[in-house]
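Data file: final_10.cif. Format and content: mmCIF, N, CA and C atoms.
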data_run
#
loop_
_atom_site.label_atom_id
_atom_site.label_comp_id
_atom_site.auth_asym_id
_atom_site.auth_seq_id
_atom_site.Cartn_x
_atom_site.Cartn_y
_atom_site.Cartn_z
N MET A 1 -4.13 -14.15 35.19
CA MET A 1 -4.29 -13.13 34.17
C MET A 1 -3.15 -12.10 34.25
N ASN A 2 -2.79 -11.71 35.46
CA ASN A 2 -1.70 -10.75 35.61
C ASN A 2 -0.38 -11.33 35.14
N GLN A 3 -0.20 -12.63 35.33
CA GLN A 3 1.03 -13.29 34.87
C GLN A 3 1.13 -13.25 33.35
N VAL A 4 0.00 -13.43 32.66
CA VAL A 4 -0.01 -13.40 31.20
C VAL A 4 0.32 -11.99 30.72
N LYS A 5 -0.26 -10.98 31.33
CA LYS A 5 0.02 -9.59 30.96
C LYS A 5 1.48 -9.25 31.20
N ARG A 6 2.00 -9.69 32.32
CA ARG A 6 3.40 -9.42 32.66
C ARG A 6 4.33 -10.06 31.64
N ASN A 7 4.06 -11.33 31.27
CA ASN A 7 4.89 -12.01 30.27
C ASN A 7 4.79 -11.32 28.91
N LEU A 8 3.61 -10.87 28.55
CA LEU A 8 3.42 -10.19 27.28
C LEU A 8 4.20 -8.87 27.24
N VAL A 9 4.16 -8.13 28.34
CA VAL A 9 4.90 -6.88 28.41
C VAL A 9 6.40 -7.13 28.31
N ILE A 10 6.89 -8.17 28.96
CA ILE A 10 8.31 -8.49 28.90
C ILE A 10 8.72 -8.89 27.48
N ILE A 11 7.91 -9.70 26.82
CA ILE A 11 8.22 -10.13 25.46
C ILE A 11 8.21 -8.94 24.51
N LEU A 12 7.20 -8.08 24.62
CA LEU A 12 7.14 -6.89 23.76
C LEU A 12 8.30 -5.94 24.01
N ALA A 13 8.66 -5.74 25.27
CA ALA A 13 9.78 -4.86 25.59
C ALA A 13 11.08 -5.42 25.02
N ALA A 14 11.29 -6.72 25.15
CA ALA A 14 12.50 -7.33 24.60
C ALA A 14 12.52 -7.24 23.07
N THR A 15 11.37 -7.40 22.47
CA THR A 15 11.29 -7.30 21.01
C THR A 15 11.67 -5.91 20.54
N PHE A 16 11.11 -4.88 21.16
CA PHE A 16 11.42 -3.51 20.76
C PHE A 16 12.86 -3.13 21.12
N LEU A 17 13.37 -3.69 22.18
CA LEU A 17 14.72 -3.39 22.60
C LEU A 17 15.75 -3.94 21.60
N PHE A 18 15.53 -5.17 21.16
CA PHE A 18 16.50 -5.81 20.28
C PHE A 18 16.19 -5.63 18.80
N ALA A 19 15.05 -5.10 18.46
CA ALA A 19 14.67 -4.95 17.05
C ALA A 19 15.58 -3.95 16.34
N GLY A 20 16.04 -2.94 17.02
CA GLY A 20 16.87 -1.93 16.39
C GLY A 20 18.31 -2.36 16.19
N ASN A 21 18.73 -3.47 16.80
CA ASN A 21 20.12 -3.90 16.72
C ASN A 21 20.41 -4.79 15.51
N PHE A 22 19.39 -5.22 14.81
CA PHE A 22 19.60 -6.08 13.66
C PHE A 22 19.66 -5.23 12.40
N ASN A 23 20.59 -5.55 11.55
CA ASN A 23 20.75 -4.81 10.30
C ASN A 23 20.26 -5.69 9.15
N ALA A 24 19.00 -6.08 9.22
CA ALA A 24 18.42 -6.93 8.19
C ALA A 24 17.71 -6.06 7.16
N ASN A 25 17.71 -6.51 5.94
CA ASN A 25 17.01 -5.79 4.88
C ASN A 25 15.55 -6.25 4.90
N ALA A 26 14.69 -5.45 5.52
CA ALA A 26 13.29 -5.83 5.66
C ALA A 26 12.52 -5.67 4.37
N ASN A 27 13.09 -5.00 3.41
CA ASN A 27 12.39 -4.74 2.16
C ASN A 27 13.26 -5.10 0.97
N PRO A 28 13.34 -6.37 0.62
CA PRO A 28 14.19 -6.74 -0.50
C PRO A 28 13.65 -6.25 -1.84
N ALA A 29 12.37 -5.90 -1.89
CA ALA A 29 11.78 -5.47 -3.16
C ALA A 29 12.07 -4.02 -3.48
N GLY A 30 12.40 -3.22 -2.47
CA GLY A 30 12.60 -1.81 -2.73
C GLY A 30 13.45 -1.16 -1.67
N SER A 31 13.58 0.11 -1.73
CA SER A 31 14.39 0.84 -0.76
C SER A 31 13.49 1.71 0.10
N GLY A 32 12.51 1.09 0.75
CA GLY A 32 11.57 1.82 1.58
C GLY A 32 12.25 2.55 2.71
N LYS A 33 11.54 3.40 3.38
CA LYS A 33 12.11 4.26 4.41
C LYS A 33 12.11 3.61 5.79
N GLY A 34 12.08 2.29 5.85
CA GLY A 34 12.16 1.59 7.13
C GLY A 34 10.88 0.83 7.44
N ALA A 35 10.91 0.18 8.57
CA ALA A 35 9.80 -0.69 8.97
C ALA A 35 8.48 0.05 9.14
N PRO A 36 8.42 1.23 9.76
CA PRO A 36 7.12 1.90 9.90
C PRO A 36 6.47 2.22 8.56
N ALA A 37 7.27 2.62 7.59
CA ALA A 37 6.71 2.92 6.26
C ALA A 37 6.18 1.66 5.60
N ILE A 38 6.88 0.56 5.77
CA ILE A 38 6.45 -0.70 5.16
C ILE A 38 5.19 -1.20 5.83
N VAL A 39 5.12 -1.13 7.16
CA VAL A 39 3.93 -1.58 7.88
C VAL A 39 2.72 -0.73 7.50
N ALA A 40 2.90 0.59 7.44
CA ALA A 40 1.80 1.47 7.04
C ALA A 40 1.38 1.18 5.61
N ASP A 41 2.33 0.88 4.75
CA ASP A 41 2.02 0.57 3.36
C ASP A 41 1.20 -0.71 3.27
N VAL A 42 1.62 -1.75 3.97
CA VAL A 42 0.95 -3.05 3.87
C VAL A 42 -0.44 -3.01 4.50
N PHE A 43 -0.58 -2.38 5.66
CA PHE A 43 -1.84 -2.46 6.38
C PHE A 43 -2.81 -1.31 6.11
N ILE A 44 -2.34 -0.21 5.55
CA ILE A 44 -3.23 0.93 5.32
C ILE A 44 -3.32 1.27 3.84
N CYS A 45 -2.20 1.54 3.21
CA CYS A 45 -2.20 2.08 1.84
C CYS A 45 -2.59 1.04 0.79
N ARG A 46 -2.09 -0.17 0.90
CA ARG A 46 -2.43 -1.18 -0.10
C ARG A 46 -3.91 -1.55 -0.05
N PRO A 47 -4.51 -1.78 1.14
CA PRO A 47 -5.96 -2.03 1.15
C PRO A 47 -6.77 -0.85 0.63
N LEU A 48 -6.35 0.38 0.94
CA LEU A 48 -7.05 1.54 0.39
C LEU A 48 -6.89 1.60 -1.12
N GLY A 49 -5.72 1.26 -1.62
CA GLY A 49 -5.51 1.20 -3.07
C GLY A 49 -6.43 0.19 -3.74
N LEU A 50 -6.64 -0.95 -3.08
CA LEU A 50 -7.54 -1.97 -3.62
C LEU A 50 -8.98 -1.46 -3.64
N ILE A 51 -9.37 -0.73 -2.60
CA ILE A 51 -10.71 -0.15 -2.56
C ILE A 51 -10.88 0.87 -3.68
N PHE A 52 -9.87 1.74 -3.87
CA PHE A 52 -9.94 2.74 -4.93
C PHE A 52 -9.89 2.10 -6.31
N LEU A 53 -9.17 1.01 -6.47
CA LEU A 53 -9.14 0.31 -7.74
C LEU A 53 -10.51 -0.26 -8.07
N THR A 54 -11.16 -0.86 -7.09
CA THR A 54 -12.50 -1.41 -7.30
C THR A 54 -13.50 -0.30 -7.62
N GLY A 55 -13.46 0.78 -6.83
CA GLY A 55 -14.37 1.89 -7.09
C GLY A 55 -14.10 2.57 -8.42
N GLY A 56 -12.83 2.72 -8.77
CA GLY A 56 -12.48 3.33 -10.05
C GLY A 56 -12.91 2.48 -11.22
N SER A 57 -12.81 1.16 -11.08
CA SER A 57 -13.26 0.27 -12.15
C SER A 57 -14.76 0.38 -12.36
N LEU A 58 -15.50 0.42 -11.26
CA LEU A 58 -16.95 0.58 -11.37
C LEU A 58 -17.32 1.94 -11.96
N LEU A 59 -16.63 2.98 -11.54
CA LEU A 59 -16.89 4.32 -12.07
C LEU A 59 -16.53 4.39 -13.56
N TYR A 60 -15.47 3.72 -13.95
CA TYR A 60 -15.07 3.69 -15.36
C TYR A 60 -16.16 3.03 -16.21
N ILE A 61 -16.70 1.93 -15.73
CA ILE A 61 -17.75 1.23 -16.47
C ILE A 61 -19.01 2.08 -16.56
N VAL A 62 -19.37 2.76 -15.47
CA VAL A 62 -20.56 3.59 -15.46
C VAL A 62 -20.40 4.79 -16.40
N THR A 63 -19.23 5.38 -16.44
CA THR A 63 -19.03 6.58 -17.27
C THR A 63 -18.59 6.26 -18.69
N LEU A 64 -18.45 4.99 -19.02
CA LEU A 64 -18.00 4.62 -20.35
C LEU A 64 -18.91 5.14 -21.47
N PRO A 65 -20.23 5.13 -21.33
CA PRO A 65 -21.06 5.70 -22.40
C PRO A 65 -20.82 7.19 -22.66
N CYS A 66 -20.33 7.91 -21.67
CA CYS A 66 -20.04 9.33 -21.86
C CYS A 66 -18.63 9.58 -22.35
N THR A 67 -17.70 8.72 -21.97
CA THR A 67 -16.30 8.97 -22.34
C THR A 67 -15.97 8.49 -23.75
N ILE A 68 -16.71 7.51 -24.28
CA ILE A 68 -16.43 7.04 -25.64
C ILE A 68 -16.72 8.13 -26.66
N PRO A 69 -17.89 8.79 -26.64
CA PRO A 69 -18.11 9.84 -27.63
C PRO A 69 -17.18 11.05 -27.47
N ALA A 70 -16.71 11.28 -26.26
CA ALA A 70 -15.85 12.44 -26.00
C ALA A 70 -14.37 12.11 -26.21
N ASN A 71 -14.07 10.90 -26.68
CA ASN A 71 -12.69 10.44 -26.89
C ASN A 71 -11.83 10.55 -25.63
N GLY A 72 -12.42 10.26 -24.49
CA GLY A 72 -11.68 10.32 -23.23
C GLY A 72 -11.54 8.97 -22.57
N LYS A 73 -11.75 7.92 -23.35
CA LYS A 73 -11.72 6.56 -22.79
C LYS A 73 -10.35 6.21 -22.22
N GLU A 74 -9.28 6.51 -22.94
CA GLU A 74 -7.93 6.15 -22.47
C GLU A 74 -7.52 6.95 -21.24
N GLU A 75 -7.86 8.24 -21.21
CA GLU A 75 -7.52 9.06 -20.05
C GLU A 75 -8.29 8.61 -18.81
N ALA A 76 -9.57 8.27 -19.00
CA ALA A 76 -10.37 7.77 -17.88
C ALA A 76 -9.83 6.43 -17.39
N LYS A 77 -9.43 5.58 -18.32
CA LYS A 77 -8.86 4.28 -17.94
C LYS A 77 -7.57 4.46 -17.16
N ARG A 78 -6.71 5.37 -17.63
CA ARG A 78 -5.44 5.61 -16.95
C ARG A 78 -5.67 6.17 -15.54
N THR A 79 -6.61 7.11 -15.42
CA THR A 79 -6.84 7.75 -14.13
C THR A 79 -7.58 6.85 -13.16
N LEU A 80 -8.61 6.16 -13.62
CA LEU A 80 -9.48 5.41 -12.72
C LEU A 80 -9.04 3.97 -12.49
N ILE A 81 -8.25 3.40 -13.40
CA ILE A 81 -7.89 1.98 -13.26
C ILE A 81 -6.37 1.79 -13.16
N LEU A 82 -5.62 2.35 -14.09
CA LEU A 82 -4.18 2.04 -14.14
C LEU A 82 -3.39 2.66 -12.99
N TYR A 83 -3.68 3.90 -12.62
CA TYR A 83 -2.97 4.51 -11.49
C TYR A 83 -3.22 3.75 -10.19
N PRO A 84 -4.49 3.46 -9.82
CA PRO A 84 -4.70 2.67 -8.59
C PRO A 84 -4.11 1.26 -8.67
N TYR A 85 -4.14 0.65 -9.86
CA TYR A 85 -3.55 -0.68 -10.00
C TYR A 85 -2.04 -0.63 -9.74
N HIS A 86 -1.38 0.33 -10.36
CA HIS A 86 0.06 0.46 -10.17
C HIS A 86 0.39 0.77 -8.71
N TYR A 87 -0.39 1.65 -8.09
CA TYR A 87 -0.15 2.03 -6.70
C TYR A 87 -0.34 0.83 -5.77
N THR A 88 -1.29 -0.03 -6.08
CA THR A 88 -1.60 -1.15 -5.20
C THR A 88 -0.70 -2.36 -5.43
N PHE A 89 -0.40 -2.69 -6.68
CA PHE A 89 0.24 -3.98 -6.95
C PHE A 89 1.68 -3.91 -7.46
N THR A 90 2.10 -2.87 -8.12
CA THR A 90 3.43 -2.90 -8.73
C THR A 90 4.43 -1.97 -8.05
N ARG A 91 3.98 -1.11 -7.17
CA ARG A 91 4.87 -0.18 -6.48
C ARG A 91 5.68 -0.92 -5.43
N LYS A 92 6.90 -0.49 -5.17
CA LYS A 92 7.76 -1.12 -4.16
C LYS A 92 7.23 -0.81 -2.76
N LEU A 93 7.44 -1.74 -1.85
CA LEU A 93 6.96 -1.57 -0.48
C LEU A 93 7.63 -0.38 0.20
N GLY A 94 6.84 0.44 0.86
CA GLY A 94 7.36 1.56 1.62
C GLY A 94 7.67 2.80 0.79
N GLU A 95 7.53 2.72 -0.51
CA GLU A 95 7.77 3.88 -1.37
C GLU A 95 6.43 4.40 -1.85
N PHE A 96 6.09 5.60 -1.43
CA PHE A 96 4.77 6.14 -1.71
C PHE A 96 4.74 7.03 -2.95
N HIS A 97 5.88 7.38 -3.46
CA HIS A 97 5.95 8.17 -4.69
C HIS A 97 6.76 7.39 -5.69
N ASP A 98 6.19 7.18 -6.85
CA ASP A 98 6.88 6.41 -7.88
C ASP A 98 6.93 7.24 -9.15
N ASP A 99 8.10 7.36 -9.73
CA ASP A 99 8.29 8.18 -10.92
C ASP A 99 7.88 7.45 -12.20
N ASP A 100 7.46 6.19 -12.09
CA ASP A 100 7.09 5.42 -13.28
C ASP A 100 5.79 5.93 -13.91
N LEU A 101 4.98 6.64 -13.14
CA LEU A 101 3.70 7.10 -13.69
C LEU A 101 3.79 8.51 -14.16
#
Written as C-alpha cells, that's how I'd like the structure from this file.
Amino acid sequence: MNQVKRNLVIILAATFLFAGNFNANANPAGSGKGAPAIVADVFICRPLGLIFLTGGSLLYIVTLPCTIPANGKEEAKRTLILYPYHYTFTRKLGEFHDDDL
C-alpha cells in the first residue's frame, strides 16, 4: 500500500512539475484565463447552469398563466430559460462574462 501511495505522489509531482512547461492551447474554443478557470467552469459552473436551466424552465411553465396576461412572457423566457441556456451551452470555456447577452 505504501508503494502505491509513493508511486502516486511521484507521478502527481512530476505532472505538476512539467505541466507548466508546455505551451499548449488548452482552450481552442475561447480565450479562457487558463486551466484553473476551465476546470472550474467544466466541473462547477456548467453543471450549476444545467440545474438553473432546468429549474428556470419549470418555473417558467408554472408562472406562464400569470405572465401571459401581463405581457411578460418574453421577458420571463429570456430571464428564466435563455440566459441559463446561453451560460451553460454556448459560452466559451473559462469565460464567465459574455457580452453577447
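All residues of protein, DNA or RNA that reach within 6.5 Å of Ala37 (chain A), judged by all atoms listed in the file and not counting those fewer than 3 positions away in the chain, are Lys33, Gly34, Ala40, Asp41, Val42, Leu93, Gly94 and Glu95 of chain A.
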Save out the residues we just selected, N, CA and C atoms, as a compact mmCIF listing (two decimals), keeping the file's coordinate frame.
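Result file is again-v4.txt:
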# COMPACT_ATOMS: atom_id res chain seq x y z
N LYS A 33 11.54 3.40 3.38
CA LYS A 33 12.11 4.26 4.41
C LYS A 33 12.11 3.61 5.79
N GLY A 34 12.08 2.29 5.85
CA GLY A 34 12.16 1.59 7.13
C GLY A 34 10.88 0.83 7.44
N ALA A 40 2.90 0.59 7.44
CA ALA A 40 1.80 1.47 7.04
C ALA A 40 1.38 1.18 5.61
N ASP A 41 2.33 0.88 4.75
CA ASP A 41 2.02 0.57 3.36
C ASP A 41 1.20 -0.71 3.27
N VAL A 42 1.62 -1.75 3.97
CA VAL A 42 0.95 -3.05 3.87
C VAL A 42 -0.44 -3.01 4.50
N LEU A 93 7.44 -1.74 -1.85
CA LEU A 93 6.96 -1.57 -0.48
C LEU A 93 7.63 -0.38 0.20
N GLY A 94 6.84 0.44 0.86
CA GLY A 94 7.36 1.56 1.62
C GLY A 94 7.67 2.80 0.79
N GLU A 95 7.53 2.72 -0.51
CA GLU A 95 7.77 3.88 -1.37
C GLU A 95 6.43 4.40 -1.85
Which residues would end up in the selection if the PyMOL selection byres (((chain A and resi 46-53 and name CA) around 7) and name CA) were applied here, given that I need the answer as a ChimeraX atom specification?
/A:41-45,54-57,81,84-85,87-88
Dump N, CA and C atoms for the selected residues as a short mmCIF file (atom, residue, chain, number, x, y, z; two decimals), in the frame of the given file?
data_model
loop_
_atom_site.label_atom_id
_atom_site.label_comp_id
_atom_site.auth_asym_id
_atom_site.auth_seq_id
_atom_site.Cartn_x
_atom_site.Cartn_y
_atom_site.Cartn_z
N ASP A 41 2.33 0.88 4.75
CA ASP A 41 2.02 0.57 3.36
C ASP A 41 1.20 -0.71 3.27
N VAL A 42 1.62 -1.75 3.97
CA VAL A 42 0.95 -3.05 3.87
C VAL A 42 -0.44 -3.01 4.50
N PHE A 43 -0.58 -2.38 5.66
CA PHE A 43 -1.84 -2.46 6.38
C PHE A 43 -2.81 -1.31 6.11
N ILE A 44 -2.34 -0.21 5.55
CA ILE A 44 -3.23 0.93 5.32
C ILE A 44 -3.32 1.27 3.84
N CYS A 45 -2.20 1.54 3.21
CA CYS A 45 -2.20 2.08 1.84
C CYS A 45 -2.59 1.04 0.79
N THR A 54 -11.16 -0.86 -7.09
CA THR A 54 -12.50 -1.41 -7.30
C THR A 54 -13.50 -0.30 -7.62
N GLY A 55 -13.46 0.78 -6.83
CA GLY A 55 -14.37 1.89 -7.09
C GLY A 55 -14.10 2.57 -8.42
N GLY A 56 -12.83 2.72 -8.77
CA GLY A 56 -12.48 3.33 -10.05
C GLY A 56 -12.91 2.48 -11.22
N SER A 57 -12.81 1.16 -11.08
CA SER A 57 -13.26 0.27 -12.15
C SER A 57 -14.76 0.38 -12.36
N ILE A 81 -8.25 3.40 -13.40
CA ILE A 81 -7.89 1.98 -13.26
C ILE A 81 -6.37 1.79 -13.16
N PRO A 84 -4.49 3.46 -9.82
CA PRO A 84 -4.70 2.67 -8.59
C PRO A 84 -4.11 1.26 -8.67
N TYR A 85 -4.14 0.65 -9.86
CA TYR A 85 -3.55 -0.68 -10.00
C TYR A 85 -2.04 -0.63 -9.74
N TYR A 87 -0.39 1.65 -8.09
CA TYR A 87 -0.15 2.03 -6.70
C TYR A 87 -0.34 0.83 -5.77
N THR A 88 -1.29 -0.03 -6.08
CA THR A 88 -1.60 -1.15 -5.20
C THR A 88 -0.70 -2.36 -5.43
#
Picked residues, the PyMOL selection byres (((chain A and resi 71-78 and name CA) around 12) and name CA), as an MDAnalysis selection string:
chainID A and resid 53 56:70 79:86 101
Write a file of the selected residues as an mmCIF file, in the coordinates of the input, keeping N, CA and C atoms.
data_model
loop_
_atom_site.group_PDB
_atom_site.id
_atom_site.type_symbol
_atom_site.label_atom_id
_atom_site.label_comp_id
_atom_site.auth_asym_id
_atom_site.auth_seq_id
_atom_site.Cartn_x
_atom_site.Cartn_y
_atom_site.Cartn_z
ATOM 1 N N LEU A 53 -9.170 1.010 -6.470
ATOM 2 C CA LEU A 53 -9.140 0.310 -7.740
ATOM 3 C C LEU A 53 -10.510 -0.260 -8.070
ATOM 4 N N GLY A 56 -12.830 2.720 -8.770
ATOM 5 C CA GLY A 56 -12.480 3.330 -10.050
ATOM 6 C C GLY A 56 -12.910 2.480 -11.220
ATOM 7 N N SER A 57 -12.810 1.160 -11.080
ATOM 8 C CA SER A 57 -13.260 0.270 -12.150
ATOM 9 C C SER A 57 -14.760 0.380 -12.360
ATOM 10 N N LEU A 58 -15.500 0.420 -11.260
ATOM 11 C CA LEU A 58 -16.950 0.580 -11.370
ATOM 12 C C LEU A 58 -17.320 1.940 -11.960
ATOM 13 N N LEU A 59 -16.630 2.980 -11.540
ATOM 14 C CA LEU A 59 -16.890 4.320 -12.070
ATOM 15 C C LEU A 59 -16.530 4.390 -13.560
ATOM 16 N N TYR A 60 -15.470 3.720 -13.950
ATOM 17 C CA TYR A 60 -15.070 3.690 -15.360
ATOM 18 C C TYR A 60 -16.160 3.030 -16.210
ATOM 19 N N ILE A 61 -16.700 1.930 -15.730
ATOM 20 C CA ILE A 61 -17.750 1.230 -16.470
ATOM 21 C C ILE A 61 -19.010 2.080 -16.560
ATOM 22 N N VAL A 62 -19.370 2.760 -15.470
ATOM 23 C CA VAL A 62 -20.560 3.590 -15.460
ATOM 24 C C VAL A 62 -20.400 4.790 -16.400
ATOM 25 N N THR A 63 -19.230 5.380 -16.440
ATOM 26 C CA THR A 63 -19.030 6.580 -17.270
ATOM 27 C C THR A 63 -18.590 6.260 -18.690
ATOM 28 N N LEU A 64 -18.450 4.990 -19.020
ATOM 29 C CA LEU A 64 -18.000 4.620 -20.350
ATOM 30 C C LEU A 64 -18.910 5.140 -21.470
ATOM 31 N N PRO A 65 -20.230 5.130 -21.330
ATOM 32 C CA PRO A 65 -21.060 5.700 -22.400
ATOM 33 C C PRO A 65 -20.820 7.190 -22.660
ATOM 34 N N CYS A 66 -20.330 7.910 -21.670
ATOM 35 C CA CYS A 66 -20.040 9.330 -21.860
ATOM 36 C C CYS A 66 -18.630 9.580 -22.350
ATOM 37 N N THR A 67 -17.700 8.720 -21.970
ATOM 38 C CA THR A 67 -16.300 8.970 -22.340
ATOM 39 C C THR A 67 -15.970 8.490 -23.750
ATOM 40 N N ILE A 68 -16.710 7.510 -24.280
ATOM 41 C CA ILE A 68 -16.430 7.040 -25.640
ATOM 42 C C ILE A 68 -16.720 8.130 -26.660
ATOM 43 N N PRO A 69 -17.890 8.790 -26.640
ATOM 44 C CA PRO A 69 -18.110 9.840 -27.630
ATOM 45 C C PRO A 69 -17.180 11.050 -27.470
ATOM 46 N N ALA A 70 -16.710 11.280 -26.260
ATOM 47 C CA ALA A 70 -15.850 12.440 -26.000
ATOM 48 C C ALA A 70 -14.370 12.110 -26.210
ATOM 49 N N THR A 79 -6.610 7.110 -15.420
ATOM 50 C CA THR A 79 -6.840 7.750 -14.130
ATOM 51 C C THR A 79 -7.580 6.850 -13.160
ATOM 52 N N LEU A 80 -8.610 6.160 -13.620
ATOM 53 C CA LEU A 80 -9.480 5.410 -12.720
ATOM 54 C C LEU A 80 -9.040 3.970 -12.490
ATOM 55 N N ILE A 81 -8.250 3.400 -13.400
ATOM 56 C CA ILE A 81 -7.890 1.980 -13.260
ATOM 57 C C ILE A 81 -6.370 1.790 -13.160
ATOM 58 N N LEU A 82 -5.620 2.350 -14.090
ATOM 59 C CA LEU A 82 -4.180 2.040 -14.140
ATOM 60 C C LEU A 82 -3.390 2.660 -12.990
ATOM 61 N N TYR A 83 -3.680 3.900 -12.620
ATOM 62 C CA TYR A 83 -2.970 4.510 -11.490
ATOM 63 C C TYR A 83 -3.220 3.750 -10.190
ATOM 64 N N PRO A 84 -4.490 3.460 -9.820
ATOM 65 C CA PRO A 84 -4.700 2.670 -8.590
ATOM 66 C C PRO A 84 -4.110 1.260 -8.670
ATOM 67 N N TYR A 85 -4.140 0.650 -9.860
ATOM 68 C CA TYR A 85 -3.550 -0.680 -10.000
ATOM 69 C C TYR A 85 -2.040 -0.630 -9.740
ATOM 70 N N HIS A 86 -1.380 0.330 -10.360
ATOM 71 C CA HIS A 86 0.060 0.460 -10.170
ATOM 72 C C HIS A 86 0.390 0.770 -8.710
ATOM 73 N N LEU A 101 4.980 6.640 -13.140
ATOM 74 C CA LEU A 101 3.700 7.100 -13.690
ATOM 75 C C LEU A 101 3.790 8.510 -14.160
#
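Interatomic distance, CA of Arg91 (chain A) against CA of Ile38 (chain A): 11.8 Å.
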What box, with edges along x, y and z, holds each listed atom of region 50-54 of chain A when 5 Å is added on every side, and can you state its centre and edge lengths in Å to one decimal, as JSON?
{"center_x": -10.1, "center_y": 0.4, "center_z": -5.3, "size_x": 16.9, "size_y": 14.7, "size_z": 15.5}
